[in-house]
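Engineer: One structure is given below, represented as C-alpha coordinates, and several questions about it will come after.
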Amino acid sequence: MQSLKLNVRFLCAVGLSIVTIAACGDLTATSDMSMAAGGSSNSNNSPGSSGSATTPTSGGDSSMSVSGSAGSGTMPDGGNMLDASNGGSGGSAGASTGGSAGSSAGSGSAGTGTIVDPCTHTGPRTRTDLTPTNGRVDCTTNDFGIEGDWKLNSSDPQLMTVDFTGSNVCGKGQIAQVVSTPTSGGQPDFGRYWGGGLAFVMQNETPGAPALPYDANFNGLLGISATISGATIPAEMRFKFKMIGSNENYCLEVTGATSGQTITLHTGDAVHNCWAPDNTSTLNITMIENYEVQVVSQTTEAVPFDFCLTNITALSQ
(Lines give C-alpha, C1' and ligand atoms only; values in the text may rest on other atoms or scores of the structure.)
Protein backbone atom coordinates (compact mmCIF):
# COMPACT_ATOMS: atom_id res chain seq x y z
CA MET A 1 0.00 0.00 0.00
CA GLN A 2 2.75 2.44 0.92
CA SER A 3 4.74 1.59 -2.22
CA LEU A 4 1.75 2.35 -4.45
CA LYS A 5 1.30 5.71 -2.80
CA LEU A 6 5.00 6.50 -3.32
CA ASN A 7 4.75 5.48 -7.00
CA VAL A 8 1.83 7.82 -7.60
CA ARG A 9 3.64 10.67 -5.85
CA PHE A 10 6.65 9.93 -8.07
CA LEU A 11 4.51 10.27 -11.21
CA CYS A 12 3.25 13.65 -10.00
CA ALA A 13 6.76 14.82 -9.07
CA VAL A 14 8.29 14.09 -12.50
CA GLY A 15 5.71 16.30 -14.15
CA LEU A 16 3.23 14.09 -15.95
CA SER A 17 0.91 16.88 -17.02
CA ILE A 18 -1.89 14.49 -17.82
CA VAL A 19 -2.64 13.86 -14.15
CA THR A 20 -4.80 16.60 -12.63
CA ILE A 21 -3.66 18.57 -9.62
CA ALA A 22 -6.42 17.04 -7.54
CA ALA A 23 -5.06 13.58 -8.33
CA CYS A 24 -1.65 14.56 -6.96
CA GLY A 25 -2.86 15.15 -3.37
CA ASP A 26 -2.71 12.61 -0.58
CA LEU A 27 -3.66 9.34 -2.19
CA THR A 28 -4.83 6.33 -0.18
CA ALA A 29 -5.15 3.13 -2.17
CA THR A 30 -8.26 1.10 -1.50
CA SER A 31 -9.32 -2.27 -2.75
CA ASP A 32 -11.12 -0.59 -5.70
CA MET A 33 -10.47 2.95 -6.98
CA SER A 34 -10.30 4.80 -10.33
CA MET A 35 -9.25 8.31 -11.45
CA ALA A 36 -9.19 10.33 -14.70
CA ALA A 37 -6.57 12.87 -15.70
CA GLY A 38 -6.52 15.48 -18.45
CA GLY A 39 -4.35 14.84 -21.52
CA SER A 40 -1.32 17.05 -22.04
CA SER A 41 -1.19 19.63 -24.82
CA ASN A 42 0.78 22.73 -25.65
CA SER A 43 -0.74 24.45 -28.62
CA ASN A 44 -2.14 27.74 -29.87
CA ASN A 45 -4.51 25.83 -32.12
CA SER A 46 -6.34 23.13 -30.13
CA PRO A 47 -6.07 21.28 -26.81
CA GLY A 48 -5.07 17.67 -26.42
CA SER A 49 -7.77 15.15 -25.61
CA SER A 50 -8.35 13.59 -22.22
CA GLY A 51 -6.19 10.80 -20.90
CA SER A 52 -7.30 8.23 -18.36
CA ALA A 53 -6.00 6.33 -15.39
CA THR A 54 -7.41 3.27 -13.67
CA THR A 55 -6.34 1.21 -10.69
CA PRO A 56 -8.08 -2.12 -10.47
CA THR A 57 -7.85 -4.41 -7.46
CA SER A 58 -5.96 -7.63 -7.72
CA GLY A 59 -5.55 -9.12 -4.31
CA GLY A 60 -3.21 -6.95 -2.27
CA ASP A 61 -1.54 -5.41 -5.34
CA SER A 62 -2.70 -2.62 -7.63
CA SER A 63 -1.84 -1.48 -11.14
CA MET A 64 -2.16 1.95 -12.78
CA SER A 65 -2.19 3.04 -16.43
CA VAL A 66 -2.07 6.64 -17.53
CA SER A 67 -2.24 7.93 -21.10
CA GLY A 68 -2.51 11.23 -22.91
CA SER A 69 -2.59 12.52 -26.48
CA ALA A 70 -0.45 14.95 -28.40
CA GLY A 71 -0.96 18.67 -28.76
CA SER A 72 -1.34 20.27 -32.16
CA GLY A 73 0.77 22.74 -34.06
CA THR A 74 1.71 23.87 -37.52
CA MET A 75 3.69 21.78 -39.95
CA PRO A 76 5.32 22.17 -43.37
CA ASP A 77 3.85 20.94 -46.61
CA GLY A 78 6.40 20.30 -49.35
CA GLY A 79 8.40 23.52 -49.64
CA ASN A 80 6.27 25.37 -47.06
CA MET A 81 7.93 26.57 -43.91
CA LEU A 82 7.15 25.64 -40.30
CA ASP A 83 5.36 28.27 -38.24
CA ALA A 84 7.21 27.73 -34.99
CA SER A 85 5.16 30.24 -33.03
CA ASN A 86 2.08 28.04 -33.16
CA GLY A 87 3.68 24.60 -32.79
CA GLY A 88 2.23 22.27 -30.15
CA SER A 89 4.31 19.79 -28.20
CA GLY A 90 3.71 16.07 -28.13
CA GLY A 91 1.34 14.85 -25.43
CA SER A 92 2.87 12.99 -22.51
CA ALA A 93 1.71 9.57 -21.48
CA GLY A 94 2.66 7.12 -18.82
CA ALA A 95 1.85 3.76 -17.33
CA SER A 96 2.48 2.16 -14.01
CA THR A 97 1.89 -1.50 -13.48
CA GLY A 98 2.92 -4.20 -11.09
CA GLY A 99 2.52 -5.28 -7.49
CA SER A 100 3.91 -3.55 -4.49
CA ALA A 101 6.87 -2.05 -6.39
CA GLY A 102 5.31 -1.00 -9.74
CA SER A 103 7.06 0.52 -12.77
CA SER A 104 6.42 3.49 -15.06
CA ALA A 105 6.82 4.24 -18.76
CA GLY A 106 5.39 6.81 -21.15
CA SER A 107 5.18 7.89 -24.75
CA GLY A 108 3.49 10.63 -26.78
CA SER A 109 1.73 10.44 -30.12
CA ALA A 110 2.45 12.68 -33.11
CA GLY A 111 0.82 16.09 -33.32
CA THR A 112 -1.29 17.44 -36.15
CA GLY A 113 -1.20 20.92 -37.62
CA THR A 114 -2.08 23.42 -40.33
CA ILE A 115 -0.25 24.38 -43.54
CA VAL A 116 1.48 27.76 -43.76
CA ASP A 117 2.20 29.31 -47.19
CA PRO A 118 5.60 31.08 -47.03
CA CYS A 119 4.66 33.30 -50.00
CA THR A 120 1.72 34.87 -48.16
CA HIS A 121 2.83 37.79 -46.00
CA THR A 122 0.87 39.83 -43.49
CA GLY A 123 2.03 42.85 -41.54
CA PRO A 124 4.56 45.54 -42.52
CA ARG A 125 6.34 44.98 -45.83
CA THR A 126 9.91 45.79 -44.86
CA ARG A 127 11.90 43.27 -46.94
CA THR A 128 11.97 44.97 -50.34
CA ASP A 129 15.21 43.65 -51.88
CA LEU A 130 14.60 41.63 -55.07
CA THR A 131 18.24 40.78 -55.81
CA PRO A 132 18.23 37.29 -57.38
CA THR A 133 20.47 34.31 -56.70
CA ASN A 134 21.51 32.76 -60.01
CA GLY A 135 18.59 34.39 -61.73
CA ARG A 136 15.90 33.45 -59.21
CA VAL A 137 14.12 35.37 -56.45
CA ASP A 138 12.61 33.29 -53.64
CA CYS A 139 9.47 34.51 -51.89
CA THR A 140 11.02 33.91 -48.46
CA THR A 141 13.48 36.78 -49.14
CA ASN A 142 10.82 39.48 -49.65
CA ASP A 143 7.48 40.55 -48.18
CA PHE A 144 5.61 40.80 -51.50
CA GLY A 145 5.07 37.15 -52.46
CA ILE A 146 7.41 37.57 -55.43
CA GLU A 147 9.01 34.30 -56.54
CA GLY A 148 10.30 33.80 -60.08
CA ASP A 149 13.09 33.86 -62.65
CA TRP A 150 14.90 36.29 -64.89
CA LYS A 151 15.08 35.32 -68.55
CA LEU A 152 16.16 36.55 -71.98
CA ASN A 153 13.32 38.23 -73.87
CA SER A 154 13.97 39.16 -77.49
CA SER A 155 12.54 38.99 -81.00
CA ASP A 156 16.04 37.87 -82.07
CA PRO A 157 17.48 35.95 -79.10
CA GLN A 158 20.50 34.77 -81.09
CA LEU A 159 21.73 38.38 -81.17
CA MET A 160 22.07 38.79 -77.40
CA THR A 161 23.50 37.04 -74.35
CA VAL A 162 22.53 37.26 -70.71
CA ASP A 163 24.35 36.76 -67.40
CA PHE A 164 22.31 35.65 -64.40
CA THR A 165 25.12 34.12 -62.34
CA GLY A 166 25.19 35.06 -58.65
CA SER A 167 23.37 38.37 -58.26
CA ASN A 168 23.93 39.48 -61.86
CA VAL A 169 21.08 40.63 -64.09
CA CYS A 170 22.89 41.59 -67.30
CA GLY A 171 22.37 41.57 -71.05
CA LYS A 172 24.46 42.53 -74.07
CA GLY A 173 24.28 42.27 -77.83
CA GLN A 174 22.16 44.12 -80.36
CA ILE A 175 18.58 44.57 -81.44
CA ALA A 176 17.96 43.97 -85.13
CA GLN A 177 16.94 46.84 -87.39
CA VAL A 178 13.24 46.96 -88.24
CA VAL A 179 12.64 46.19 -91.93
CA SER A 180 9.61 45.29 -93.99
CA THR A 181 8.58 41.68 -94.46
CA PRO A 182 6.34 39.95 -97.02
CA THR A 183 3.42 40.22 -94.60
CA SER A 184 3.89 43.87 -93.57
CA GLY A 185 2.71 45.46 -96.81
CA GLY A 186 5.96 47.31 -97.47
CA GLN A 187 5.93 48.93 -94.01
CA PRO A 188 8.46 48.33 -91.18
CA ASP A 189 7.38 45.13 -89.46
CA PHE A 190 7.40 46.07 -85.78
CA GLY A 191 5.41 42.95 -85.01
CA ARG A 192 8.41 40.91 -86.11
CA TYR A 193 11.21 43.24 -84.98
CA TRP A 194 9.86 44.57 -81.70
CA GLY A 195 13.13 44.63 -79.78
CA GLY A 196 14.34 42.70 -76.78
CA GLY A 197 15.88 42.75 -73.35
CA LEU A 198 15.37 41.18 -69.94
CA ALA A 199 12.18 39.90 -68.34
CA PHE A 200 11.40 38.78 -64.80
CA VAL A 201 8.66 36.18 -64.30
CA MET A 202 7.13 37.39 -61.03
CA GLN A 203 5.53 34.15 -59.92
CA ASN A 204 6.15 30.51 -60.77
CA GLU A 205 6.44 27.38 -58.67
CA THR A 206 9.89 26.17 -59.68
CA PRO A 207 12.76 27.49 -61.86
CA GLY A 208 11.71 27.49 -65.49
CA ALA A 209 8.10 26.57 -64.71
CA PRO A 210 5.23 28.37 -66.48
CA ALA A 211 4.31 31.78 -65.13
CA LEU A 212 1.36 32.12 -62.79
CA PRO A 213 -0.68 35.33 -62.45
CA TYR A 214 0.85 37.62 -59.84
CA ASP A 215 -1.62 39.73 -57.84
CA ALA A 216 0.10 43.02 -57.04
CA ASN A 217 -2.97 44.30 -55.20
CA PHE A 218 -3.17 41.33 -52.82
CA ASN A 219 0.58 41.42 -52.19
CA GLY A 220 0.80 45.17 -51.61
CA LEU A 221 3.14 45.86 -54.55
CA LEU A 222 2.92 49.34 -56.07
CA GLY A 223 5.93 49.08 -58.37
CA ILE A 224 9.56 48.10 -58.94
CA SER A 225 12.68 50.23 -59.21
CA ALA A 226 16.09 49.27 -60.59
CA THR A 227 19.41 50.96 -61.27
CA ILE A 228 20.76 50.56 -64.80
CA SER A 229 24.49 50.72 -65.45
CA GLY A 230 26.92 49.58 -68.11
CA ALA A 231 29.04 50.49 -71.09
CA THR A 232 26.20 50.92 -73.59
CA ILE A 233 22.85 52.24 -72.41
CA PRO A 234 20.35 52.45 -75.30
CA ALA A 235 18.85 55.86 -76.04
CA GLU A 236 15.30 54.50 -76.00
CA MET A 237 14.04 51.90 -73.54
CA ARG A 238 10.72 50.76 -72.13
CA PHE A 239 10.11 49.50 -68.60
CA LYS A 240 7.01 47.32 -68.63
CA PHE A 241 4.53 45.14 -66.78
CA LYS A 242 3.13 42.38 -68.98
CA MET A 243 -0.25 40.81 -68.20
CA ILE A 244 -0.56 37.04 -68.39
CA GLY A 245 -2.35 35.86 -71.53
CA SER A 246 -1.96 39.22 -73.27
CA ASN A 247 0.57 40.79 -75.66
CA GLU A 248 -0.63 44.34 -75.01
CA ASN A 249 2.05 46.80 -73.88
CA TYR A 250 1.74 48.57 -70.51
CA CYS A 251 4.92 50.54 -70.14
CA LEU A 252 6.91 53.63 -69.24
CA GLU A 253 8.98 55.19 -72.03
CA VAL A 254 12.51 56.12 -70.92
CA THR A 255 14.80 58.12 -73.21
CA GLY A 256 18.38 59.22 -72.64
CA ALA A 257 19.02 57.05 -69.58
CA THR A 258 22.57 57.20 -68.21
CA SER A 259 24.68 54.65 -66.39
CA GLY A 260 23.87 54.71 -62.67
CA GLN A 261 20.34 56.04 -63.13
CA THR A 262 17.51 54.48 -61.11
CA ILE A 263 14.31 53.89 -63.05
CA THR A 264 11.07 53.59 -61.10
CA LEU A 265 8.01 51.91 -62.60
CA HIS A 266 4.82 52.18 -60.57
CA THR A 267 1.93 49.99 -61.63
CA GLY A 268 -0.11 53.15 -62.21
CA ASP A 269 2.57 54.53 -64.56
CA ALA A 270 2.46 51.52 -66.89
CA VAL A 271 0.11 52.86 -69.56
CA HIS A 272 -1.13 51.22 -72.71
CA ASN A 273 1.21 51.81 -75.67
CA CYS A 274 3.38 54.26 -73.76
CA TRP A 275 5.10 55.58 -76.94
CA ALA A 276 1.65 56.86 -77.99
CA PRO A 277 -0.53 56.53 -74.87
CA ASP A 278 -4.23 55.80 -75.19
CA ASN A 279 -7.09 54.85 -72.90
CA THR A 280 -8.31 51.79 -74.77
CA SER A 281 -6.90 49.36 -72.18
CA THR A 282 -5.53 49.42 -68.64
CA LEU A 283 -3.20 47.13 -66.75
CA ASN A 284 -4.93 44.54 -64.58
CA ILE A 285 -2.59 44.46 -61.58
CA THR A 286 -4.06 41.17 -60.35
CA MET A 287 -2.87 39.36 -63.50
CA ILE A 288 0.78 40.39 -63.91
CA GLU A 289 3.14 37.95 -65.62
CA ASN A 290 6.43 39.80 -66.15
CA TYR A 291 8.38 42.89 -65.21
CA GLU A 292 10.41 43.76 -68.34
CA VAL A 293 13.24 46.03 -69.45
CA GLN A 294 13.07 46.37 -73.23
CA VAL A 295 15.49 47.89 -75.72
CA VAL A 296 13.40 49.50 -78.47
CA SER A 297 14.12 48.54 -82.07
CA GLN A 298 14.70 51.25 -84.72
CA THR A 299 14.02 51.55 -88.44
CA THR A 300 17.34 53.30 -89.12
CA GLU A 301 19.87 50.87 -87.65
CA ALA A 302 20.52 47.97 -85.30
CA VAL A 303 20.76 48.98 -81.63
CA PRO A 304 23.73 47.78 -79.56
CA PHE A 305 23.45 47.48 -75.77
CA ASP A 306 25.46 46.31 -72.78
CA PHE A 307 23.96 46.93 -69.32
CA CYS A 308 23.14 45.39 -65.94
CA LEU A 309 20.38 45.99 -63.40
CA THR A 310 21.18 46.41 -59.70
CA ASN A 311 19.35 47.60 -56.59
CA ILE A 312 16.17 45.90 -57.79
CA THR A 313 13.55 46.89 -55.22
CA ALA A 314 9.87 46.22 -54.56
CA LEU A 315 7.87 49.38 -53.83
CA SER A 316 5.06 49.62 -51.30
CA GLN A 317 4.43 53.31 -51.91
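Residues in the C-alpha coordinates are named by chain (A, B, ... in the order shown) and by number from 1 within that chain; ligands are numbered from 1 in the order shown.
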Which residues are close to Thr140 of chain A, i.e. within 8 Å by only C-alpha atoms, leaving aside same-chain residues fewer than 4 positions away? Reply as a list in words.
Structural biologist: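 What passes the distance filter is Pro118, Cys119 and Gly145 of chain A.
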Engineer: Go ahead and save the residues from that selection, with C-alpha atoms, as an mmCIF file, in the first residue's frame.
Structural biologist:
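What ended up in result_34.cif:
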data_model
loop_
_atom_site.group_PDB
_atom_site.id
_atom_site.type_symbol
_atom_site.label_atom_id
_atom_site.label_comp_id
_atom_site.auth_asym_id
_atom_site.auth_seq_id
_atom_site.Cartn_x
_atom_site.Cartn_y
_atom_site.Cartn_z
ATOM 1 C CA PRO A 118 5.598 31.077 -47.029
ATOM 2 C CA CYS A 119 4.659 33.298 -50.001
ATOM 3 C CA GLY A 145 5.069 37.154 -52.457
#
Engineer: Per residue of segment 116-209 of chain A within 12 Å of segment 233-255 of chain A, which atom pair is closest and at what distance in Å (one decimal), using only C-alpha atoms, listed by chain and increasing number, as JSON lines?
Structural biologist:
{"residue": "A:Cys170", "atom": "CA", "partner": "A:Ile233", "partner_atom": "CA", "distance": 11.8}
{"residue": "A:Gly171", "atom": "CA", "partner": "A:Ile233", "partner_atom": "CA", "distance": 10.8}
{"residue": "A:Lys172", "atom": "CA", "partner": "A:Ile233", "partner_atom": "CA", "distance": 10.0}
{"residue": "A:Gly173", "atom": "CA", "partner": "A:Pro234", "partner_atom": "CA", "distance": 11.2}
{"residue": "A:Gln174", "atom": "CA", "partner": "A:Pro234", "partner_atom": "CA", "distance": 9.9}
{"residue": "A:Ile175", "atom": "CA", "partner": "A:Pro234", "partner_atom": "CA", "distance": 10.2}
{"residue": "A:Gly191", "atom": "CA", "partner": "A:Asn247", "partner_atom": "CA", "distance": 10.7}
{"residue": "A:Trp194", "atom": "CA", "partner": "A:Asn249", "partner_atom": "CA", "distance": 11.3}
{"residue": "A:Gly195", "atom": "CA", "partner": "A:Met237", "partner_atom": "CA", "distance": 9.6}
{"residue": "A:Gly196", "atom": "CA", "partner": "A:Met237", "partner_atom": "CA", "distance": 9.8}
{"residue": "A:Gly197", "atom": "CA", "partner": "A:Met237", "partner_atom": "CA", "distance": 9.3}
{"residue": "A:Leu198", "atom": "CA", "partner": "A:Phe239", "partner_atom": "CA", "distance": 9.9}
{"residue": "A:Ala199", "atom": "CA", "partner": "A:Lys240", "partner_atom": "CA", "distance": 9.1}
{"residue": "A:Phe200", "atom": "CA", "partner": "A:Phe241", "partner_atom": "CA", "distance": 9.6}
{"residue": "A:Val201", "atom": "CA", "partner": "A:Lys242", "partner_atom": "CA", "distance": 9.5}
{"residue": "A:Met202", "atom": "CA", "partner": "A:Phe241", "partner_atom": "CA", "distance": 10.0}
{"residue": "A:Gln203", "atom": "CA", "partner": "A:Ile244", "partner_atom": "CA", "distance": 10.8}
Engineer: Out of A:Thr227, A:Thr128, A:Asn153, A:Thr232, which residue has the shortest atom-to-atom distance to Asp306 of chain A when counting only C-alpha atoms?
Structural biologist: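 Looking only at the distances to Asp306 of chain A, the closest residue turns out to be A:Thr232.
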Engineer: Could you work out how far atom CA of Cys274 of chain A lies from atom CA of Asp149 of chain A, giving the answer in Å with one decimal?
Structural biologist: 25.2 Å
Engineer: Kindly indicate which residue among A:Gln158, A:Thr122, A:Thr262, A:Val169 lies nearest to Val137 of chain A, using only C-alpha atoms for the distances.
Structural biologist: A:Val169
Engineer: State, in Å with one decimal place, the distance from atom CA of Gly148 of chain A to atom CA of Thr206 of chain A.
Structural biologist: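 That distance, rounded to one decimal, is 7.6 Å.
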Engineer: Show me, as a list in words, the residues that have an atom within 10 Å of Glu301 of chain A when counting only C-alpha atoms, minus same-chain residues fewer than 2 positions from it.
Structural biologist: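 The residues that qualify are Ile175, Ala176, Gln177, Val178, Val179, Ser297, Gln298, Thr299, Val303 and Pro304 of chain A.
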Engineer: Just N, CA, C and O atoms for this one: save the residues we selected as a PDB file, in the first residue's frame.
Structural biologist:
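Dumped everything to part.pdb:
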ATOM      1  N   ILE A 175      19.956  44.754 -81.004  1.00  0.00           N
ATOM      2  CA  ILE A 175      18.582  44.568 -81.441  1.00  0.00           C
ATOM      3  C   ILE A 175      18.545  44.808 -82.950  1.00  0.00           C
ATOM      4  O   ILE A 175      19.056  45.818 -83.453  1.00  0.00           O
ATOM      5  N   ALA A 176      17.968  43.876 -83.677  1.00  0.00           N
ATOM      6  CA  ALA A 176      17.956  43.966 -85.135  1.00  0.00           C
ATOM      7  C   ALA A 176      17.186  45.189 -85.627  1.00  0.00           C
ATOM      8  O   ALA A 176      16.213  45.626 -85.012  1.00  0.00           O
ATOM      9  N   GLN A 177      17.633  45.725 -86.750  1.00  0.00           N
ATOM     10  CA  GLN A 177      16.936  46.836 -87.386  1.00  0.00           C
ATOM     11  C   GLN A 177      15.566  46.381 -87.889  1.00  0.00           C
ATOM     12  O   GLN A 177      15.399  45.262 -88.366  1.00  0.00           O
ATOM     13  N   VAL A 178      14.583  47.267 -87.766  1.00  0.00           N
ATOM     14  CA  VAL A 178      13.239  46.960 -88.242  1.00  0.00           C
ATOM     15  C   VAL A 178      13.186  47.161 -89.754  1.00  0.00           C
ATOM     16  O   VAL A 178      13.499  48.244 -90.260  1.00  0.00           O
ATOM     17  N   VAL A 179      12.788  46.124 -90.473  1.00  0.00           N
ATOM     18  CA  VAL A 179      12.640  46.194 -91.928  1.00  0.00           C
ATOM     19  C   VAL A 179      11.256  45.666 -92.281  1.00  0.00           C
ATOM     20  O   VAL A 179      10.537  45.107 -91.450  1.00  0.00           O
ATOM     21  N   SER A 297      13.547  48.666 -80.726  1.00  0.00           N
ATOM     22  CA  SER A 297      14.121  48.539 -82.074  1.00  0.00           C
ATOM     23  C   SER A 297      13.889  49.820 -82.881  1.00  0.00           C
ATOM     24  O   SER A 297      12.960  50.584 -82.605  1.00  0.00           O
ATOM     25  N   GLN A 298      14.745  50.034 -83.909  1.00  0.00           N
ATOM     26  CA  GLN A 298      14.696  51.246 -84.717  1.00  0.00           C
ATOM     27  C   GLN A 298      14.662  50.886 -86.203  1.00  0.00           C
ATOM     28  O   GLN A 298      15.148  49.825 -86.615  1.00  0.00           O
ATOM     29  N   THR A 299      14.078  51.779 -86.989  1.00  0.00           N
ATOM     30  CA  THR A 299      14.021  51.554 -88.437  1.00  0.00           C
ATOM     31  C   THR A 299      15.296  51.991 -89.135  1.00  0.00           C
ATOM     32  O   THR A 299      15.514  51.635 -90.303  1.00  0.00           O
ATOM     33  N   VAL A 303      20.504  48.274 -82.888  1.00  0.00           N
ATOM     34  CA  VAL A 303      20.762  48.984 -81.634  1.00  0.00           C
ATOM     35  C   VAL A 303      21.627  48.106 -80.721  1.00  0.00           C
ATOM     36  O   VAL A 303      21.166  47.077 -80.223  1.00  0.00           O
ATOM     37  N   PRO A 304      22.890  48.533 -80.490  1.00  0.00           N
ATOM     38  CA  PRO A 304      23.734  47.777 -79.560  1.00  0.00           C
ATOM     39  C   PRO A 304      23.393  48.121 -78.107  1.00  0.00           C
ATOM     40  O   PRO A 304      22.893  49.214 -77.809  1.00  0.00           O
TER      41      PRO A 304
END
Engineer: Skip Tyr214 of chain A itself and residues of its chain fewer than 3 positions away, then list as an MDAnalysis selection string all residues within 8 Å of it, counting only C-alpha atoms.
Structural biologist: chainID A and resid 146 202:203 285:289
Engineer: Output all heavy atoms for every residue in the selection just made, as a CSV table (one decimal), in the first residue's frame.
Structural biologist:
chain,number,residue,atom,x,y,z
A,146,ILE,N,6.8,37.7,-54.1
A,146,ILE,CA,7.4,37.6,-55.4
A,146,ILE,C,8.4,36.4,-55.5
A,146,ILE,O,9.3,36.3,-54.6
A,146,ILE,CB,8.2,38.9,-55.8
A,146,ILE,CG1,7.2,40.0,-55.9
A,146,ILE,CG2,9.0,38.7,-57.0
A,146,ILE,CD1,7.8,41.4,-56.1
A,202,MET,N,7.3,37.0,-62.4
A,202,MET,CA,7.1,37.4,-61.0
A,202,MET,C,6.6,36.3,-60.1
A,202,MET,O,6.6,36.4,-58.9
A,202,MET,CB,6.3,38.7,-61.0
A,202,MET,CG,7.0,39.8,-61.6
A,202,MET,SD,6.0,41.4,-61.4
A,202,MET,CE,6.1,41.6,-59.7
A,203,GLN,N,6.0,35.3,-60.7
A,203,GLN,CA,5.5,34.1,-59.9
A,203,GLN,C,5.5,32.9,-60.7
A,203,GLN,O,4.8,32.8,-61.7
A,203,GLN,CB,4.1,34.4,-59.4
A,203,GLN,CG,3.7,33.4,-58.3
A,203,GLN,CD,2.4,33.8,-57.6
A,203,GLN,OE1,1.5,34.4,-58.2
A,203,GLN,NE2,2.3,33.6,-56.3
A,285,ILE,N,-3.7,44.7,-62.5
A,285,ILE,CA,-2.6,44.5,-61.6
A,285,ILE,C,-2.7,43.1,-60.8
A,285,ILE,O,-1.8,42.7,-60.1
A,285,ILE,CB,-2.4,45.6,-60.6
A,285,ILE,CG1,-3.6,45.8,-59.7
A,285,ILE,CG2,-2.0,46.9,-61.3
A,285,ILE,CD1,-3.3,46.8,-58.6
A,286,THR,N,-3.9,42.5,-61.0
A,286,THR,CA,-4.1,41.2,-60.3
A,286,THR,C,-3.6,40.0,-61.3
A,286,THR,O,-3.7,38.9,-60.9
A,286,THR,CB,-5.5,40.9,-59.9
A,286,THR,OG1,-6.3,40.8,-61.1
A,286,THR,CG2,-6.1,42.1,-59.1
A,287,MET,N,-3.2,40.4,-62.5
A,287,MET,CA,-2.9,39.4,-63.5
A,287,MET,C,-1.5,39.6,-64.1
A,287,MET,O,-1.3,39.4,-65.3
A,287,MET,CB,-4.0,39.3,-64.6
A,287,MET,CG,-5.3,38.9,-64.1
A,287,MET,SD,-5.4,37.1,-63.6
A,287,MET,CE,-5.3,36.4,-65.2
A,288,ILE,N,-0.5,40.1,-63.4
A,288,ILE,CA,0.8,40.4,-63.9
A,288,ILE,C,1.6,39.1,-64.2
A,288,ILE,O,1.6,38.2,-63.3
A,288,ILE,CB,1.5,41.3,-63.0
A,288,ILE,CG1,0.8,42.7,-62.9
A,288,ILE,CG2,3.0,41.5,-63.4
A,288,ILE,CD1,1.5,43.7,-61.9
A,289,GLU,N,2.3,39.1,-65.3
A,289,GLU,CA,3.1,38.0,-65.6
A,289,GLU,C,4.6,38.3,-65.4
A,289,GLU,O,5.3,37.7,-64.7
A,289,GLU,CB,2.9,37.5,-67.1
A,289,GLU,CG,3.8,36.3,-67.5
A,289,GLU,CD,3.6,35.9,-68.9
A,289,GLU,OE1,2.7,36.4,-69.6
A,289,GLU,OE2,4.3,35.0,-69.4
Engineer: I need the residues in segment 234-265 of chain A that are strand (DSSP E) according to DSSP; give them as a ChimeraX atom specification.
Structural biologist: /A:236-243,250-255,261-265
Engineer: Quick one: of A:Asn290, A:Ser316, A:Thr120, A:Asn284, who's nearest to Leu152 of chain A, counting only C-alpha atoms?
Structural biologist: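 Smallest separation from Leu152 of chain A among the options: A:Asn290.
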